[in-house]
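Novice: One structure is given below, represented as structure tokens, and several questions about it will come after.
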Amino acid sequence: MRDLVPAAYAAALAATLIASPALAASVQSATAQGQVAAVIVEPIMAVALNDLDFGSLTSSSTTSGSITVDSLGVATYSGGAAPACAGGGACAGIAPARFLVSGEASRSYMVSAPTQIVASGTLIAGGGSARDLSIDELSVHLDSHAGSITSIGQLDEKGEDRIAIGGRLTVPAGTAPAHYRATLTIMVTYS
Amino acid sequence: MLRVCHAFQIEPTRWTTAALFAAALFAAALFAAALASTAVPARAAPPSVSLTADQTLRFGSFFTDTTGSRTVSATGSVTGSAIVPLAGAAPGPAQFTFSYDRGNNASVTYSLLISVLVPSTASQVSGGVSGTIAQFDTDLPGVSSLLPGQSTQVTLVGCQRRICTRTFRVGGTLQVARSTGGADLAIPLPIVVTVLAEL
């Protein structure tokens, strides 16, 4: 008999819990496996290996001329310009500009280079400034494309490529003897 | 004897009273239970929760010299520090879909109090590159950031149907340290959502 009352209370309590409008949800959890993705690429850079060097030349006092250095370092003279050597000596330095490009293996990249730059000179006699000379027809040759002229390169399996840049130096008639220097800046970016 | 007999007559009477009281309580309980059944439709199933990962948190392609960071916010904005972004797959936030099945079809507007947890810092070392996300952000209402290891409580209001679904996005800042080479980072991003209460 005494058990009936507590049982009844329990039943009433249970009924009260069921009837409660403030429903307390039991703890329910769920997990999702998301992901983060990123591609970190080794930086690309170009290092100058050697300068575009036109060597030593003579100019005519009456006829303008030019020297063209191709990507293989072969010099071609025209007009009043002529080598100041006979196949050796100062002429040995003639070379295209060369750059080593390094970055992530097998990635393609773009080369940006000017087509024309200006060389400023310092007079041999007296050390004053000489008249600027124009260097144009700058052409970019890439080893990854068998030396052809292009602005799109491909890094090899070691992440390297080489760039050669040739150009033409125009020498006006009567150009004073001087040392000429120009800055050739290129930019490489992944494409 | 008379006393004894009297006693015998009284005892059943007392038992009957108590039994009636108990029976009345039990009946009341049953009635209350019946009322309860009327007030809240019978549950078809216990409440359940699901969470799905719909989109990866994408930081895209970029390079950095030694250290840098890229932030992709929950809203999709992208910023960087000491990195150079590259063309390729577009960056974007992760997306998750949370779904709560309250187990019955009662047409009652309700809210959910949930906690959101990113269990730990997301990081990976691959070769000479390490990537770490120490802080996340989300577009869940009232929450600006999610710190790994810390639960964040969010109230989802306006649930009207048996199944309450919310899609939310998670962004973050990827800190990269690079000594050599590059890496394709694929870092797990587990998210735990717990329903604390139905309000």
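In the structure tokens, each chain is lettered A, B, ... as it comes, each chain's residues begin at 1, and ligands are numbered from 1 in order of appearance.
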Tell me, counting only C-alpha atoms, for each residue of chain B within 6 Å of chain A, which pair of atoms is nearest and how far apart they are in Å to one decimal, in rows ordered by chain and increasing number, as a tab-separated table.

Specialist:
```
residue	atom	partner	partner_atom	distance
B:Ala22	CA	A:Val5	CA	5.0
B:Leu25	CA	A:Ala8	CA	5.5
B:Phe26	CA	A:Ala8	CA	4.7
B:Ala29	CA	A:Ala12	CA	4.0
B:Ala32	CA	A:Ala15	CA	5.6
B:Ala33	CA	A:Ala15	CA	4.5
B:Ala36	CA	A:Ala19	CA	4.0
B:Val49	CA	A:Ala30	CA	5.9
B:Ser50	CA	A:Ala30	CA	5.3
B:Leu51	CA	A:Ala32	CA	5.5
B:Thr52	CA	A:Ala32	CA	5.3
B:Ala53	CA	A:Gly34	CA	5.3
B:Thr56	CA	A:Gln35	CA	5.0
B:Leu57	CA	A:Val36	CA	4.6
B:Arg58	CA	A:Ala37	CA	5.0
B:Phe59	CA	A:Ala38	CA	4.9
B:Gly60	CA	A:Ala38	CA	5.2
B:Ser61	CA	A:Val39	CA	4.5
B:Phe62	CA	A:Ile40	CA	5.4
B:Phe63	CA	A:Val41	CA	4.6
B:Gly181	CA	A:Glu42	CA	4.9
B:Gly182	CA	A:Val41	CA	4.5
B:Ala183	CA	A:Ile40	CA	5.1
B:Asp184	CA	A:Val39	CA	4.5
B:Leu185	CA	A:Ala38	CA	5.0
B:Ala186	CA	A:Ala37	CA	4.7
B:Ile187	CA	A:Val36	CA	4.9
B:Pro188	CA	A:Gln35	CA	4.5
B:Leu189	CA	A:Gly34	CA	4.5
B:Pro190	CA	A:Gln33	CA	4.3
B:Ile191	CA	A:Ala32	CA	5.4
B:Val192	CA	A:Thr31	CA	4.4
B:Val193	CA	A:Ala30	CA	5.4
B:Thr194	CA	A:Ser29	CA	4.1
B:Val195	CA	A:Gln28	CA	5.2
B:Leu196	CA	A:Val27	CA	5.7
B:Ala197	CA	A:Ala25	CA	5.0
B:Glu198	CA	A:Ala25	CA	5.4
```

Novice: Just the residues within 12 Å of A:Ile135, please, counting only C-alpha atoms, with nothing from its chain fewer than 5 positions along; format it as number ranges by chain.

Specialist: A: 52-54, 66-69, 114-120, 165-172, 180-184

Novice: Identify, on the basis of only C-alpha atoms, every residue whose closest approach to A:Val188 does not exceed 7 Å; exclude the query and any residue fewer than 3 positions from it along the same chain; express the result as JSON, numbers by chain.

Specialist: {"A": [45, 46, 109, 110, 111, 112]}

Novice: Would you write out those residues with C-alpha atoms, as a compact mmCIF listing (two decimals), in the first residue's frame?

Specialist:
```txt
# COMPACT_ATOMS: atom_id res chain seq x y z
CA MET A 45 63.60 34.82 -59.60
CA ALA A 46 66.01 35.85 -62.27
CA TYR A 109 56.40 31.86 -66.57
CA MET A 110 56.41 35.14 -68.41
CA VAL A 111 59.33 37.41 -69.12
CA SER A 112 58.88 41.12 -69.39
```

Novice: Taking only C-alpha atoms into account, name the residue in A:Ala125, A:Leu49, A:Val74, A:Ala113 that is nearest to A:Ala178.

Specialist: A:Ala125

Novice: Between atom CA of B:Ala74 and atom CA of B:Asp139, what is the distance, to one decimal in Å?

Specialist: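 Straight-line distance from atom CA of B:Ala74 to atom CA of B:Asp139 works out to 5.8 Å.
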
Novice: Could you pull out the residues in stretch 18-199 of chain B that DSSP calls strand (DSSP E) from the backbone, as JSON, numbers by chain?

Specialist: {"B": [48, 49, 50, 51, 52, 53, 54, 55, 57, 58, 59, 60, 61, 62, 63, 67, 68, 69, 70, 71, 72, 78, 79, 80, 81, 84, 85, 86, 94, 95, 96, 97, 98, 99, 100, 101, 110, 111, 112, 113, 114, 115, 116, 117, 122, 123, 124, 125, 126, 129, 130, 131, 132, 133, 134, 135, 136, 137, 138, 152, 153, 154, 155, 156, 157, 158, 159, 163, 164, 165, 166, 167, 168, 169, 170, 171, 172, 173, 174, 175, 176, 177, 178, 183, 184, 185, 186, 187, 188, 189, 190, 191, 192, 193, 194, 195, 196, 197, 198]}

Novice: Among stretch 11-139 of chain A, which ones does DSSP place in helix (DSSP H, G or I), written as a PDB file with N, CA and C atoms, in the first residue's frame?

Specialist:
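Okay, this is what ended up in part-v2.pdb:
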```pdb
ATOM      1  N   ALA A  11       4.618   8.716 -11.443  1.00  0.00           N
ATOM      2  CA  ALA A  11       3.860   8.783 -12.686  1.00  0.00           C
ATOM      3  C   ALA A  11       3.460  10.216 -12.993  1.00  0.00           C
ATOM      4  N   ALA A  12       3.041  10.904 -11.943  1.00  0.00           N
ATOM      5  CA  ALA A  12       2.657  12.299 -12.143  1.00  0.00           C
ATOM      6  C   ALA A  12       3.851  13.134 -12.578  1.00  0.00           C
ATOM      7  N   LEU A  13       4.986  12.862 -11.955  1.00  0.00           N
ATOM      8  CA  LEU A  13       6.206  13.596 -12.308  1.00  0.00           C
ATOM      9  C   LEU A  13       6.591  13.320 -13.753  1.00  0.00           C
ATOM     10  N   ALA A  14       6.479  12.058 -14.118  1.00  0.00           N
ATOM     11  CA  ALA A  14       6.804  11.703 -15.500  1.00  0.00           C
ATOM     12  C   ALA A  14       5.881  12.414 -16.452  1.00  0.00           C
ATOM     13  N   ALA A  15       4.607  12.442 -16.096  1.00  0.00           N
ATOM     14  CA  ALA A  15       3.649  13.126 -16.958  1.00  0.00           C
ATOM     15  C   ALA A  15       3.981  14.598 -17.068  1.00  0.00           C
ATOM     16  N   THR A  16       4.396  15.172 -15.974  1.00  0.00           N
ATOM     17  CA  THR A  16       4.757  16.587 -15.985  1.00  0.00           C
ATOM     18  C   THR A  16       5.944  16.840 -16.899  1.00  0.00           C
ATOM     19  N   LEU A  17       6.921  15.951 -16.840  1.00  0.00           N
ATOM     20  CA  LEU A  17       8.095  16.127 -17.699  1.00  0.00           C
ATOM     21  C   LEU A  17       7.725  16.029 -19.166  1.00  0.00           C
ATOM     22  N   ILE A  18       6.882  15.101 -19.463  1.00  0.00           N
ATOM     23  CA  ILE A  18       6.484  14.928 -20.865  1.00  0.00           C
ATOM     24  C   ILE A  18       5.704  16.136 -21.344  1.00  0.00           C
ATOM     25  N   ALA A  19       4.908  16.699 -20.417  1.00  0.00           N
ATOM     26  CA  ALA A  19       4.059  17.798 -20.833  1.00  0.00           C
ATOM     27  C   ALA A  19       4.790  19.134 -20.886  1.00  0.00           C
ATOM     28  N   GLY A  89      91.176  40.293 -78.337  1.00  0.00           N
ATOM     29  CA  GLY A  89      91.329  41.429 -77.436  1.00  0.00           C
ATOM     30  C   GLY A  89      90.008  41.880 -76.884  1.00  0.00           C
ATOM     31  N   ALA A  90      89.695  43.160 -77.034  1.00  0.00           N
ATOM     32  CA  ALA A  90      88.485  43.732 -76.454  1.00  0.00           C
ATOM     33  C   ALA A  90      87.228  43.131 -77.047  1.00  0.00           C
ATOM     34  N   CYS A  91      87.336  42.587 -78.262  1.00  0.00           N
ATOM     35  CA  CYS A  91      86.152  42.011 -78.883  1.00  0.00           C
ATOM     36  C   CYS A  91      85.727  40.720 -78.199  1.00  0.00           C
ATOM     37  N   ALA A  92      86.599  40.115 -77.426  1.00  0.00           N
ATOM     38  CA  ALA A  92      86.295  38.837 -76.808  1.00  0.00           C
ATOM     39  C   ALA A  92      85.148  38.942 -75.809  1.00  0.00           C
ATOM     40  N   GLY A  93      84.911  40.152 -75.318  1.00  0.00           N
ATOM     41  CA  GLY A  93      83.879  40.311 -74.307  1.00  0.00           C
ATOM     42  C   GLY A  93      82.479  40.390 -74.847  1.00  0.00           C
TER      43      GLY A  93
END
```

Novice: So what do you get for atom CA of A:Ala82 versus atom CA of A:Leu57, distance-wise?

Specialist: 5.4 Å

Novice: Using atom CA of A:Leu100 and atom CA of A:Ser139 as the two end points, give the distance in Å to one decimal.

Specialist: 15.9 Å

Novice: At a cut-off of 8 Å, using only C-alpha atoms, what residues contact B:Thr75? Leave out same-chain residues fewer than 4 positions from it and give the result as a ChimeraX atom specification.

Specialist: /B:93,139,169,171
